[in-house]
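**Q** Provided herewith: data-v9.cif, mmCIF, C-alpha atoms.
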data_model
#
loop_
_atom_site.group_PDB
_atom_site.id
_atom_site.type_symbol
_atom_site.label_atom_id
_atom_site.label_comp_id
_atom_site.auth_asym_id
_atom_site.auth_seq_id
_atom_site.Cartn_x
_atom_site.Cartn_y
_atom_site.Cartn_z
ATOM 1 C CA MET A 1 -28.718 1.750 -6.880
ATOM 2 C CA ALA A 2 -28.590 5.172 -5.204
ATOM 3 C CA SER A 3 -30.275 6.267 -2.001
ATOM 4 C CA VAL A 4 -33.268 8.405 -2.932
ATOM 5 C CA GLY A 5 -32.626 12.114 -2.463
ATOM 6 C CA ARG A 6 -29.142 11.754 -0.985
ATOM 7 C CA ILE A 7 -26.110 13.264 -2.654
ATOM 8 C CA MET A 8 -22.438 13.442 -1.712
ATOM 9 C CA ARG A 9 -19.112 14.900 -2.720
ATOM 10 C CA ALA A 10 -16.858 12.537 -4.661
ATOM 11 C CA ILE A 11 -13.923 12.597 -7.048
ATOM 12 C CA ARG A 12 -14.851 11.390 -10.539
ATOM 13 C CA VAL A 13 -12.553 10.496 -13.437
ATOM 14 C CA HIS A 14 -14.163 10.733 -16.893
ATOM 15 C CA GLU A 15 -11.006 10.173 -18.949
ATOM 16 C CA PHE A 16 -7.541 8.742 -18.328
ATOM 17 C CA GLY A 17 -4.772 11.303 -18.148
ATOM 18 C CA LYS A 18 -2.798 13.619 -15.893
ATOM 19 C CA SER A 19 -3.823 14.519 -12.361
ATOM 20 C CA ASP A 20 -6.167 17.261 -13.577
ATOM 21 C CA VAL A 21 -8.672 14.611 -14.719
ATOM 22 C CA LEU A 22 -9.562 14.172 -11.032
ATOM 23 C CA LYS A 23 -12.744 16.250 -10.695
ATOM 24 C CA LEU A 24 -14.566 16.947 -7.429
ATOM 25 C CA LEU A 25 -18.335 16.775 -7.929
ATOM 26 C CA THR A 26 -20.849 17.805 -5.277
ATOM 27 C CA ASP A 27 -23.980 16.116 -6.615
ATOM 28 C CA VAL A 28 -23.026 12.444 -6.813
ATOM 29 C CA PRO A 29 -25.855 10.137 -5.641
ATOM 30 C CA VAL A 30 -25.121 8.197 -2.452
ATOM 31 C CA PRO A 31 -25.180 4.482 -3.357
ATOM 32 C CA SER A 32 -27.402 1.944 -1.607
ATOM 33 C CA PRO A 33 -26.083 -1.448 -0.485
ATOM 34 C CA SER A 34 -27.337 -4.640 -2.084
ATOM 35 C CA GLU A 35 -27.938 -7.685 0.102
ATOM 36 C CA ASP A 36 -24.244 -8.532 0.676
ATOM 37 C CA GLN A 37 -22.814 -5.014 0.753
ATOM 38 C CA VAL A 38 -21.923 -2.413 3.369
ATOM 39 C CA LEU A 39 -22.387 1.354 2.982
ATOM 40 C CA ILE A 40 -19.636 3.235 4.824
ATOM 41 C CA ARG A 41 -19.499 6.891 5.794
ATOM 42 C CA VAL A 42 -15.880 7.625 4.899
ATOM 43 C CA HIS A 43 -13.692 9.383 7.473
ATOM 44 C CA ALA A 44 -10.370 8.861 5.680
ATOM 45 C CA CYS A 45 -9.074 7.283 2.471
ATOM 46 C CA GLY A 46 -5.523 6.209 1.749
ATOM 47 C CA ILE A 47 -3.729 7.463 -1.367
ATOM 48 C CA ASN A 48 -1.662 4.835 -3.188
ATOM 49 C CA PRO A 49 0.857 5.179 -6.052
ATOM 50 C CA VAL A 50 -1.018 2.513 -8.031
ATOM 51 C CA GLU A 51 -4.010 4.864 -8.185
ATOM 52 C CA THR A 52 -1.917 7.336 -10.182
ATOM 53 C CA TYR A 53 -0.991 4.618 -12.696
ATOM 54 C CA ILE A 54 -4.647 3.578 -13.049
ATOM 55 C CA ARG A 55 -5.745 7.208 -13.454
ATOM 56 C CA ALA A 56 -3.103 7.738 -16.154
ATOM 57 C CA GLY A 57 -4.307 4.655 -18.041
ATOM 58 C CA THR A 58 -0.882 2.996 -17.892
ATOM 59 C CA TYR A 59 -1.795 0.178 -15.494
ATOM 60 C CA ALA A 60 -2.785 -3.262 -16.754
ATOM 61 C CA ARG A 61 -6.118 -3.004 -14.950
ATOM 62 C CA LYS A 62 -8.351 -0.221 -16.274
ATOM 63 C CA PRO A 63 -11.691 0.600 -14.623
ATOM 64 C CA THR A 64 -14.754 1.465 -16.666
ATOM 65 C CA LEU A 65 -15.120 5.222 -17.061
ATOM 66 C CA PRO A 66 -16.303 7.267 -15.284
ATOM 67 C CA TYR A 67 -15.064 6.026 -11.918
ATOM 68 C CA THR A 68 -14.076 7.138 -8.424
ATOM 69 C CA PRO A 69 -10.582 6.053 -7.289
ATOM 70 C CA GLY A 70 -9.710 4.724 -3.857
ATOM 71 C CA SER A 71 -9.770 1.343 -2.155
ATOM 72 C CA ASP A 72 -8.407 1.947 1.356
ATOM 73 C CA VAL A 73 -11.140 3.645 3.347
ATOM 74 C CA SER A 74 -11.932 3.777 7.018
ATOM 75 C CA GLY A 75 -15.072 5.053 8.610
ATOM 76 C CA VAL A 76 -18.355 4.081 10.202
ATOM 77 C CA VAL A 77 -20.966 1.688 8.870
ATOM 78 C CA GLU A 78 -23.973 3.678 7.675
ATOM 79 C CA GLU A 79 -26.154 0.850 6.352
ATOM 80 C CA VAL A 80 -25.886 -2.884 5.628
ATOM 81 C CA GLY A 81 -27.563 -5.206 3.160
ATOM 82 C CA ALA A 82 -30.099 -7.811 4.234
ATOM 83 C CA LEU A 83 -27.616 -10.710 4.209
ATOM 84 C CA VAL A 84 -24.760 -8.927 5.995
ATOM 85 C CA SER A 85 -24.148 -10.513 9.400
ATOM 86 C CA SER A 86 -20.644 -9.371 10.395
ATOM 87 C CA PHE A 87 -21.336 -5.643 10.722
ATOM 88 C CA LYS A 88 -24.035 -3.240 11.880
ATOM 89 C CA LYS A 89 -24.663 0.485 11.691
ATOM 90 C CA GLY A 90 -22.157 2.413 13.788
ATOM 91 C CA ASP A 91 -19.295 -0.111 13.586
ATOM 92 C CA ARG A 92 -15.783 1.263 13.007
ATOM 93 C CA VAL A 93 -14.316 -0.436 9.923
ATOM 94 C CA PHE A 94 -11.676 -0.313 7.203
ATOM 95 C CA THR A 95 -11.707 -1.853 3.738
ATOM 96 C CA ARG A 96 -9.316 -3.698 1.445
ATOM 97 C CA SER A 97 -11.328 -2.704 -1.622
ATOM 98 C CA THR A 98 -14.436 -0.751 -2.521
ATOM 99 C CA ILE A 99 -17.104 -1.079 -5.182
ATOM 100 C CA THR A 100 -17.854 2.600 -5.777
ATOM 101 C CA GLY A 101 -14.502 4.190 -4.833
ATOM 102 C CA GLY A 102 -13.086 5.723 -1.693
ATOM 103 C CA TYR A 103 -12.362 9.322 -2.737
ATOM 104 C CA ALA A 104 -15.892 10.159 -1.585
ATOM 105 C CA GLU A 105 -18.040 10.886 1.447
ATOM 106 C CA PHE A 106 -19.705 7.450 1.211
ATOM 107 C CA THR A 107 -18.600 4.193 -0.372
ATOM 108 C CA LEU A 108 -19.923 0.696 -0.917
ATOM 109 C CA ALA A 109 -17.891 -2.412 -0.157
ATOM 110 C CA SER A 110 -18.618 -6.125 -0.208
ATOM 111 C CA GLU A 111 -18.920 -7.635 3.263
ATOM 112 C CA TYR A 112 -15.864 -9.862 2.700
ATOM 113 C CA ALA A 113 -13.751 -6.766 1.913
ATOM 114 C CA VAL A 114 -14.580 -5.017 5.198
ATOM 115 C CA PHE A 115 -12.646 -5.495 8.444
ATOM 116 C CA PRO A 116 -13.249 -4.250 11.998
ATOM 117 C CA LEU A 117 -11.049 -1.317 13.011
ATOM 118 C CA PRO A 118 -9.793 -1.694 16.593
ATOM 119 C CA GLU A 119 -10.334 1.255 18.920
ATOM 120 C CA ASN A 120 -6.573 1.644 19.406
ATOM 121 C CA LEU A 121 -6.201 2.789 15.774
ATOM 122 C CA SER A 122 -7.465 6.125 14.414
ATOM 123 C CA PHE A 123 -9.502 6.470 11.232
ATOM 124 C CA LYS A 124 -6.458 7.924 9.486
ATOM 125 C CA GLN A 125 -4.446 4.872 10.529
ATOM 126 C CA GLY A 126 -7.281 2.629 9.367
ATOM 127 C CA ALA A 127 -7.050 4.186 5.907
ATOM 128 C CA ALA A 128 -3.336 3.340 5.838
ATOM 129 C CA ILE A 129 -3.688 -0.413 6.369
ATOM 130 C CA SER A 130 -5.062 -2.147 3.304
ATOM 131 C CA VAL A 131 -2.811 -1.666 0.258
ATOM 132 C CA PRO A 132 0.394 -0.981 2.238
ATOM 133 C CA TYR A 133 0.112 -3.778 4.791
ATOM 134 C CA PHE A 134 -1.516 -6.426 2.610
ATOM 135 C CA THR A 135 1.024 -5.691 -0.148
ATOM 136 C CA ALA A 136 3.940 -5.890 2.279
ATOM 137 C CA TYR A 137 2.684 -9.158 3.779
ATOM 138 C CA ARG A 138 2.075 -10.657 0.336
ATOM 139 C CA ALA A 139 5.528 -9.622 -0.868
ATOM 140 C CA LEU A 140 7.352 -10.894 2.214
ATOM 141 C CA PHE A 141 5.596 -14.197 2.798
ATOM 142 C CA GLN A 142 3.244 -15.203 -0.014
ATOM 143 C CA LYS A 143 5.811 -14.428 -2.745
ATOM 144 C CA ALA A 144 9.294 -14.214 -1.176
ATOM 145 C CA HIS A 145 8.517 -16.864 1.480
ATOM 146 C CA GLY A 146 10.678 -14.974 3.958
ATOM 147 C CA LYS A 147 11.922 -16.850 7.011
ATOM 148 C CA PRO A 148 13.044 -15.747 10.475
ATOM 149 C CA GLY A 149 16.726 -14.850 10.457
ATOM 150 C CA GLU A 150 16.833 -13.934 6.773
ATOM 151 C CA LEU A 151 18.015 -10.484 5.701
ATOM 152 C CA VAL A 152 15.485 -8.295 3.893
ATOM 153 C CA LEU A 153 16.236 -4.972 2.196
ATOM 154 C CA VAL A 154 13.272 -2.622 1.770
ATOM 155 C CA HIS A 155 13.901 0.021 -0.885
ATOM 156 C CA GLY A 156 11.794 3.138 -0.283
ATOM 157 C CA ALA A 157 11.222 2.056 3.294
ATOM 158 C CA SER A 158 9.805 5.383 4.503
ATOM 159 C CA GLY A 159 6.698 5.170 2.306
ATOM 160 C CA GLY A 160 3.433 3.409 3.105
ATOM 161 C CA VAL A 161 4.376 -0.079 1.895
ATOM 162 C CA GLY A 162 7.939 0.362 3.146
ATOM 163 C CA ILE A 163 6.953 1.215 6.718
ATOM 164 C CA ALA A 164 4.507 -1.701 6.726
ATOM 165 C CA ALA A 165 7.195 -4.076 5.439
ATOM 166 C CA CYS A 166 9.663 -2.983 8.120
ATOM 167 C CA GLN A 167 7.123 -3.479 10.912
ATOM 168 C CA ILE A 168 5.961 -6.874 9.638
ATOM 169 C CA ALA A 169 9.429 -8.240 8.850
ATOM 170 C CA ARG A 170 10.762 -7.204 12.267
ATOM 171 C CA ALA A 171 7.779 -8.785 14.032
ATOM 172 C CA TYR A 172 8.370 -12.056 12.158
ATOM 173 C CA GLY A 173 12.040 -12.242 13.094
ATOM 174 C CA LEU A 174 13.772 -11.115 9.909
ATOM 175 C CA ARG A 175 16.813 -8.833 9.911
ATOM 176 C CA VAL A 176 15.692 -5.589 8.268
ATOM 177 C CA PHE A 177 17.583 -3.019 6.190
ATOM 178 C CA GLY A 178 15.751 -0.017 4.744
ATOM 179 C CA THR A 179 16.546 2.856 2.400
ATOM 180 C CA ALA A 180 15.160 6.393 2.378
ATOM 181 C CA GLY A 181 16.003 9.688 0.699
ATOM 182 C CA SER A 182 16.499 11.927 3.731
ATOM 183 C CA GLN A 183 17.703 11.835 7.324
ATOM 184 C CA GLU A 184 14.095 12.258 8.469
ATOM 185 C CA GLY A 185 13.076 9.273 6.365
ATOM 186 C CA MET A 186 15.950 7.181 7.698
ATOM 187 C CA ASN A 187 14.937 8.001 11.268
ATOM 188 C CA LEU A 188 11.363 6.897 10.535
ATOM 189 C CA VAL A 189 12.621 3.649 9.030
ATOM 190 C CA LEU A 190 14.665 2.905 12.158
ATOM 191 C CA GLN A 191 11.746 3.817 14.423
ATOM 192 C CA ASN A 192 9.500 1.372 12.576
ATOM 193 C CA GLY A 193 11.493 -1.832 12.715
ATOM 194 C CA ALA A 194 14.606 -1.560 10.547
ATOM 195 C CA HIS A 195 17.880 -2.620 12.118
ATOM 196 C CA GLN A 196 19.855 -0.352 9.776
ATOM 197 C CA ALA A 197 18.929 2.465 7.378
ATOM 198 C CA PHE A 198 20.736 3.823 4.325
ATOM 199 C CA ASN A 199 20.356 7.040 2.323
ATOM 200 C CA HIS A 200 19.800 6.098 -1.318
ATOM 201 C CA ARG A 201 20.890 9.593 -2.384
ATOM 202 C CA GLU A 202 24.468 8.894 -1.277
ATOM 203 C CA LYS A 203 26.652 7.718 -4.156
ATOM 204 C CA ASP A 204 28.210 4.865 -2.172
ATOM 205 C CA TYR A 205 25.063 3.575 -0.480
ATOM 206 C CA ILE A 206 25.182 0.275 -2.389
ATOM 207 C CA GLU A 207 28.696 -0.367 -1.071
ATOM 208 C CA LYS A 208 27.532 0.470 2.456
ATOM 209 C CA ILE A 209 24.699 -2.064 2.159
ATOM 210 C CA GLN A 210 27.089 -4.722 0.861
ATOM 211 C CA GLU A 211 29.448 -4.095 3.767
ATOM 212 C CA ALA A 212 26.629 -4.225 6.326
ATOM 213 C CA ALA A 213 25.369 -7.499 4.826
ATOM 214 C CA GLY A 214 28.742 -9.046 5.572
ATOM 215 C CA GLY A 215 29.398 -10.449 2.131
ATOM 216 C CA GLU A 216 26.526 -12.917 2.226
ATOM 217 C CA GLY A 217 24.152 -10.802 0.177
ATOM 218 C CA ILE A 218 20.493 -9.943 0.758
ATOM 219 C CA ASN A 219 18.019 -12.828 0.930
ATOM 220 C CA VAL A 220 14.948 -10.754 0.045
ATOM 221 C CA ILE A 221 14.754 -7.328 -1.609
ATOM 222 C CA LEU A 222 11.442 -5.444 -1.731
ATOM 223 C CA GLU A 223 11.762 -3.086 -4.672
ATOM 224 C CA MET A 224 9.500 -0.027 -4.950
ATOM 225 C CA LEU A 225 11.305 1.569 -7.922
ATOM 226 C CA SER A 226 12.567 -1.297 -10.041
ATOM 227 C CA ASN A 227 13.164 0.796 -13.159
ATOM 228 C CA VAL A 228 15.953 2.550 -11.226
ATOM 229 C CA ASN A 229 17.278 -0.098 -8.842
ATOM 230 C CA LEU A 230 16.833 -3.553 -10.377
ATOM 231 C CA SER A 231 20.319 -3.831 -11.861
ATOM 232 C CA ASN A 232 21.882 -3.027 -8.481
ATOM 233 C CA ASP A 233 19.448 -5.376 -6.741
ATOM 234 C CA LEU A 234 20.756 -8.297 -8.772
ATOM 235 C CA LYS A 235 24.250 -7.512 -7.522
ATOM 236 C CA LEU A 236 23.111 -7.205 -3.896
ATOM 237 C CA VAL A 237 20.946 -10.320 -3.731
ATOM 238 C CA SER A 238 22.277 -13.532 -2.160
ATOM 239 C CA VAL A 239 22.545 -16.994 -3.641
ATOM 240 C CA GLY A 240 18.938 -18.141 -3.930
ATOM 241 C CA GLY A 241 17.796 -14.607 -3.165
ATOM 242 C CA ARG A 242 14.491 -13.109 -4.257
ATOM 243 C CA VAL A 243 13.888 -9.631 -5.671
ATOM 244 C CA ILE A 244 10.213 -8.754 -5.260
ATOM 245 C CA ILE A 245 8.911 -6.077 -7.632
ATOM 246 C CA VAL A 246 6.379 -3.916 -5.807
ATOM 247 C CA GLY A 247 6.662 -0.761 -7.909
ATOM 248 C CA CYS A 248 7.900 0.338 -11.330
ATOM 249 C CA ARG A 249 7.635 3.567 -13.319
ATOM 250 C CA GLY A 250 9.245 2.522 -16.585
ATOM 251 C CA PRO A 251 11.576 0.049 -18.325
ATOM 252 C CA ILE A 252 15.111 -0.905 -17.327
ATOM 253 C CA GLU A 253 17.840 -2.894 -19.049
ATOM 254 C CA ILE A 254 19.375 -5.721 -17.020
ATOM 255 C CA ASN A 255 21.793 -8.553 -17.723
ATOM 256 C CA PRO A 256 19.966 -11.851 -17.085
ATOM 257 C CA ARG A 257 23.367 -13.446 -16.494
ATOM 258 C CA ASP A 258 23.381 -11.664 -13.122
ATOM 259 C CA THR A 259 20.677 -14.095 -11.968
ATOM 260 C CA MET A 260 22.368 -17.283 -13.160
ATOM 261 C CA ALA A 261 25.294 -17.979 -10.846
ATOM 262 C CA LYS A 262 23.232 -17.041 -7.791
ATOM 263 C CA GLU A 263 20.079 -18.760 -9.067
ATOM 264 C CA SER A 264 18.233 -15.682 -7.887
ATOM 265 C CA SER A 265 14.630 -14.840 -8.734
ATOM 266 C CA ILE A 266 12.774 -11.721 -9.843
ATOM 267 C CA ILE A 267 9.126 -11.935 -8.788
ATOM 268 C CA GLY A 268 6.341 -9.436 -9.401
ATOM 269 C CA VAL A 269 3.629 -8.842 -6.827
ATOM 270 C CA SER A 270 0.112 -7.451 -7.221
ATOM 271 C CA LEU A 271 -2.712 -7.431 -4.707
ATOM 272 C CA PHE A 272 -5.162 -7.778 -7.591
ATOM 273 C CA SER A 273 -3.848 -11.325 -8.111
ATOM 274 C CA SER A 274 -4.566 -12.382 -4.517
ATOM 275 C CA THR A 275 -6.996 -15.225 -3.933
ATOM 276 C CA LYS A 276 -9.625 -15.108 -1.197
ATOM 277 C CA GLU A 277 -7.424 -17.543 0.742
ATOM 278 C CA ASP A 278 -4.485 -15.138 0.406
ATOM 279 C CA TRP A 279 -6.604 -12.260 1.721
ATOM 280 C CA LYS A 280 -7.872 -14.365 4.609
ATOM 281 C CA GLU A 281 -4.360 -15.445 5.619
ATOM 282 C CA ALA A 282 -2.981 -11.909 5.461
ATOM 283 C CA GLY A 283 -6.006 -10.448 7.230
ATOM 284 C CA ALA A 284 -5.664 -12.851 10.149
ATOM 285 C CA ALA A 285 -1.945 -12.126 10.477
ATOM 286 C CA LEU A 286 -2.413 -8.365 10.343
ATOM 287 C CA PHE A 287 -5.356 -8.326 12.749
ATOM 288 C CA GLY A 288 -3.102 -10.179 15.181
ATOM 289 C CA GLY A 289 -0.527 -7.446 14.655
ATOM 290 C CA MET A 290 -3.101 -4.744 15.365
ATOM 291 C CA GLU A 291 -4.074 -6.418 18.613
ATOM 292 C CA ALA A 292 -0.430 -7.004 19.570
ATOM 293 C CA GLY A 293 0.455 -3.408 18.720
ATOM 294 C CA TRP A 294 3.102 -3.906 16.039
ATOM 295 C CA VAL A 295 0.849 -2.807 13.191
ATOM 296 C CA LYS A 296 1.256 0.944 13.624
ATOM 297 C CA PRO A 297 0.420 2.804 10.404
ATOM 298 C CA LEU A 298 2.428 5.984 10.070
ATOM 299 C CA ILE A 299 0.490 8.911 8.640
ATOM 300 C CA GLY A 300 2.179 11.371 6.314
ATOM 301 C CA PRO A 301 0.651 14.348 4.478
ATOM 302 C CA GLU A 302 -3.116 14.849 4.786
ATOM 303 C CA TYR A 303 -5.346 16.316 2.073
ATOM 304 C CA PRO A 304 -8.986 17.335 1.598
ATOM 305 C CA LEU A 305 -10.776 16.016 -1.502
ATOM 306 C CA GLU A 306 -10.393 19.478 -3.041
ATOM 307 C CA LYS A 307 -6.640 18.789 -3.275
ATOM 308 C CA ALA A 308 -6.904 15.417 -5.040
ATOM 309 C CA SER A 309 -4.886 16.517 -8.074
ATOM 310 C CA GLN A 310 -2.144 17.907 -5.851
ATOM 311 C CA ALA A 311 -2.079 14.695 -3.814
ATOM 312 C CA HIS A 312 -1.520 12.623 -6.962
ATOM 313 C CA GLU A 313 1.334 14.917 -7.996
ATOM 314 C CA ASP A 314 2.907 14.806 -4.543
ATOM 315 C CA ILE A 315 2.839 11.029 -4.126
ATOM 316 C CA ILE A 316 4.844 10.587 -7.340
ATOM 317 C CA GLN A 317 7.143 13.601 -7.052
ATOM 318 C CA SER A 318 7.852 13.511 -3.314
ATOM 319 C CA SER A 319 11.577 13.834 -2.664
ATOM 320 C CA GLY A 320 11.348 11.472 0.270
ATOM 321 C CA ALA A 321 8.238 9.684 1.484
ATOM 322 C CA THR A 322 7.456 9.975 5.190
ATOM 323 C CA GLY A 323 4.435 7.821 5.845
ATOM 324 C CA LYS A 324 1.064 7.206 4.275
ATOM 325 C CA MET A 325 -0.690 10.006 2.406
ATOM 326 C CA VAL A 326 -4.413 10.184 3.199
ATOM 327 C CA PHE A 327 -7.539 12.125 2.357
ATOM 328 C CA VAL A 328 -9.374 13.322 5.464
ATOM 329 C CA ILE A 329 -13.066 13.560 4.627
#
Please express the file's structure as structure tokens.
**A**
Amino acid sequence: MASVGRIMRAIRVHEFGKSDVLKLLTDVPVPSPSEDQVLIRVHACGINPVETYIRAGTYARKPTLPYTPGSDVSGVVEEVGALVSSFKKGDRVFTRSTITGGYAEFTLASEYAVFPLPENLSFKQGAAISVPYFTAYRALFQKAHGKPGELVLVHGASGGVGIAACQIARAYGLRVFGTAGSQEGMNLVLQNGAHQAFNHREKDYIEKIQEAAGGEGINVILEMLSNVNLSNDLKLVSVGGRVIIVGCRGPIEINPRDTMAKESSIIGVSLFSSTKEDWKEAGAALFGGMEAGWVKPLIGPEYPLEKASQAHEDIIQSSGATGKMVFVI
């Protein structure tokens, strides 16, 4: 249900396709919260690669058309439903999902999907928490079952999920390697928890990683571009190692025999498969990190809603990610 007489700006998608299907409308009705929902005035919204796959219609999960993309918003509570007890108007919050989409001036979210945003984090940082940090935590601990002292390699470590993974893994006592595509990206990776960084544009970077690992192999690999790297990952991984597939943009041919002698595993990860218990566990861990100061979202390029199509192009075509892309609204 919409608030009577109130309209907002929002991105709407009426058909799946290229980035030009993202249309900014100025007369979208502001939604009203039902009894267990929270209406949020959006200050910032994170931009995630998965949103480009959903928009293109190539992702397994397809929303009903038309829809507004965006799950990672931060802002201020505007209104709450009658049964909402955890939040009140004026509270600073961020979300892990939305009902009506985050590429908008207002969004609805279920109470259980809303979290308090500590004062020590900005709204832009709040919009960079949900998908990156919950994905990184799920990959590292709920799927890879990483342990202190193990060696983790984060491919694409200068992007949103990569930075989150480096911070979390370092805080939990893992040894962290990260890759990036530029010197700037490598510096960011080192500044955010990695013990060593490697340039994946160098022809011999795989050999450099093998040498740095000391011949034991990598216990856990977080793979953001599996259609390019998976074959090499299977050579890098240790006996009993785990390759966690976070991102993929196409098929790749591998030799399954590469997994046999090492008894290594290839495991996919998706936040959409998380249970409420998974969300609760990750949320508690990450809130502790916010309070302790090791959850420090790094903000990259910022866009207005008018540049939504450009943002979707940039997040896929960027030559080297340097933090979380966000809409500032």
**Q** Considering all atoms listed in the file, can you say which of A:Leu39, A:Val176, A:Val189, A:Ile99 comes closest to A:Val84?
**A**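 Distance minimum relative to A:Val84 lands on A:Leu39.
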**Q** Evaluated on this file, the PyMOL selection byres ((chain A and resi 200-209) around 12) picks out some residues - which ones are they, written as a CSV table (one decimal) with C-alpha atoms, keeping the file's coordinate frame?
**A**
chain,number,residue,atom,x,y,z
A,151,LEU,CA,18.0,-10.5,5.7
A,152,VAL,CA,15.5,-8.3,3.9
A,153,LEU,CA,16.2,-5.0,2.2
A,154,VAL,CA,13.3,-2.6,1.8
A,155,HIS,CA,13.9,0.0,-0.9
A,156,GLY,CA,11.8,3.1,-0.3
A,157,ALA,CA,11.2,2.1,3.3
A,158,SER,CA,9.8,5.4,4.5
A,176,VAL,CA,15.7,-5.6,8.3
A,177,PHE,CA,17.6,-3.0,6.2
A,178,GLY,CA,15.8,0.0,4.7
A,179,THR,CA,16.5,2.9,2.4
A,180,ALA,CA,15.2,6.4,2.4
A,181,GLY,CA,16.0,9.7,0.7
A,182,SER,CA,16.5,11.9,3.7
A,183,GLN,CA,17.7,11.8,7.3
A,185,GLY,CA,13.1,9.3,6.4
A,186,MET,CA,16.0,7.2,7.7
A,196,GLN,CA,19.9,-0.4,9.8
A,197,ALA,CA,18.9,2.5,7.4
A,198,PHE,CA,20.7,3.8,4.3
A,199,ASN,CA,20.4,7.0,2.3
A,210,GLN,CA,27.1,-4.7,0.9
A,211,GLU,CA,29.4,-4.1,3.8
A,212,ALA,CA,26.6,-4.2,6.3
A,213,ALA,CA,25.4,-7.5,4.8
A,214,GLY,CA,28.7,-9.0,5.6
A,215,GLY,CA,29.4,-10.4,2.1
A,216,GLU,CA,26.5,-12.9,2.2
A,217,GLY,CA,24.2,-10.8,0.2
A,218,ILE,CA,20.5,-9.9,0.8
A,221,ILE,CA,14.8,-7.3,-1.6
A,225,LEU,CA,11.3,1.6,-7.9
A,228,VAL,CA,16.0,2.6,-11.2
A,229,ASN,CA,17.3,-0.1,-8.8
A,231,SER,CA,20.3,-3.8,-11.9
A,232,ASN,CA,21.9,-3.0,-8.5
A,233,ASP,CA,19.4,-5.4,-6.7
A,234,LEU,CA,20.8,-8.3,-8.8
A,235,LYS,CA,24.2,-7.5,-7.5
A,236,LEU,CA,23.1,-7.2,-3.9
A,237,VAL,CA,20.9,-10.3,-3.7
A,319,SER,CA,11.6,13.8,-2.7
A,320,GLY,CA,11.3,11.5,0.3
**Q** Using only C-alpha atoms for the distances, tell me which of A:Arg249, A:Arg61, A:His195, A:His145 is nearest to A:Val220.
**A**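 Among A:Arg249, A:Arg61, A:His195, A:His145, it is A:His145 that comes nearest to A:Val220.
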**Q** Could you check how far atom CA of A:Gly241 sits from atom CA of A:Phe134, in Å to one decimal?
**A**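 Here the two named atoms are 21.8 Å from each other.
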**Q** Quick one: of A:Ala165, A:Ile316, A:Val77, A:Val38, who's nearest to A:Ala113, counting all atoms listed in the file?
**A**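 Closest residue, counting all atoms listed in the file: A:Val38.
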**Q** Using all atoms listed in the file and a cutoff of 12 Å, can you tell me which residues are near (-3.9, 6.7, 19.1) in the file's coordinates, and write them out as a short mmCIF file (atom, residue, chain, number, x, y, z; two decimals) with C-alpha atoms, in the frame of the given file?
**A**
data_model
loop_
_atom_site.label_atom_id
_atom_site.label_comp_id
_atom_site.auth_asym_id
_atom_site.auth_seq_id
_atom_site.Cartn_x
_atom_site.Cartn_y
_atom_site.Cartn_z
CA PRO A 118 -9.79 -1.69 16.59
CA GLU A 119 -10.33 1.25 18.92
CA ASN A 120 -6.57 1.64 19.41
CA LEU A 121 -6.20 2.79 15.77
CA SER A 122 -7.46 6.12 14.41
CA PHE A 123 -9.50 6.47 11.23
CA LYS A 124 -6.46 7.92 9.49
CA GLN A 125 -4.45 4.87 10.53
CA GLY A 126 -7.28 2.63 9.37
CA GLY A 293 0.46 -3.41 18.72
CA LYS A 296 1.26 0.94 13.62
CA PRO A 297 0.42 2.80 10.40
CA LEU A 298 2.43 5.98 10.07
CA ILE A 299 0.49 8.91 8.64
#
**Q** Which one is closest to A:Gly250: A:Thr58, A:Ser265, A:Thr95, A:Gln310? Count all atoms listed in the file.
**A** A:Thr58
**Q** Please indicate the distance in Å from atom CA of A:Tyr137 to atom CA of A:Gly288, rounded to one decimal place.
**A** 12.8 Å
**Q** Find, counting only C-alpha atoms, the residue in A:Glu263, A:Glu111, A:Glu306, A:Glu79 that gets nearest to A:Ile11.
**A** A:Glu306
**Q** At most 8 Å from (-17.2, -0.5, -2.6), file frame, only C-alpha atoms: which residues, as a ChimeraX atom specification?
**A** /A:37-39,71,97-102,107-110
**Q** Based on the selection just made, write C-alpha atoms of those residues as an mmCIF file, in the coordinates of the input.
**A**
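Saved to selection_9.cif:
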data_model
loop_
_atom_site.group_PDB
_atom_site.id
_atom_site.type_symbol
_atom_site.label_atom_id
_atom_site.label_comp_id
_atom_site.auth_asym_id
_atom_site.auth_seq_id
_atom_site.Cartn_x
_atom_site.Cartn_y
_atom_site.Cartn_z
ATOM 1 C CA GLN A 37 -22.814 -5.014 0.753
ATOM 2 C CA VAL A 38 -21.923 -2.413 3.369
ATOM 3 C CA LEU A 39 -22.387 1.354 2.982
ATOM 4 C CA SER A 71 -9.770 1.343 -2.155
ATOM 5 C CA SER A 97 -11.328 -2.704 -1.622
ATOM 6 C CA THR A 98 -14.436 -0.751 -2.521
ATOM 7 C CA ILE A 99 -17.104 -1.079 -5.182
ATOM 8 C CA THR A 100 -17.854 2.600 -5.777
ATOM 9 C CA GLY A 101 -14.502 4.190 -4.833
ATOM 10 C CA GLY A 102 -13.086 5.723 -1.693
ATOM 11 C CA THR A 107 -18.600 4.193 -0.372
ATOM 12 C CA LEU A 108 -19.923 0.696 -0.917
ATOM 13 C CA ALA A 109 -17.891 -2.412 -0.157
ATOM 14 C CA SER A 110 -18.618 -6.125 -0.208
#
**Q** Report, in Å to a single decimal, how far apart atom CA of A:Ser274 and atom CA of A:Gly323 are.
**A**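 Separation of atom CA of A:Gly323 and atom CA of A:Ser274: 24.4 Å.
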**Q** Return as a ChimeraX atom specification the set of residues that the PyMOL selection byres ((chain A and resi 60) around 12) yields on the displayed structure.
**A** /A:50-51,53-59,61-63,270,272-273
**Q** What does the PyMOL selection byres ((chain A and resi 192) around 8) select in this file, as a list in words?
**A**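 Evaluating the PyMOL selection byres ((chain A and resi 192) around 8) on these coordinates yields Ile163, Cys166, Gln167, Leu188, Val189, Leu190, Gln191, Gly193 and Ala194 of chain A.
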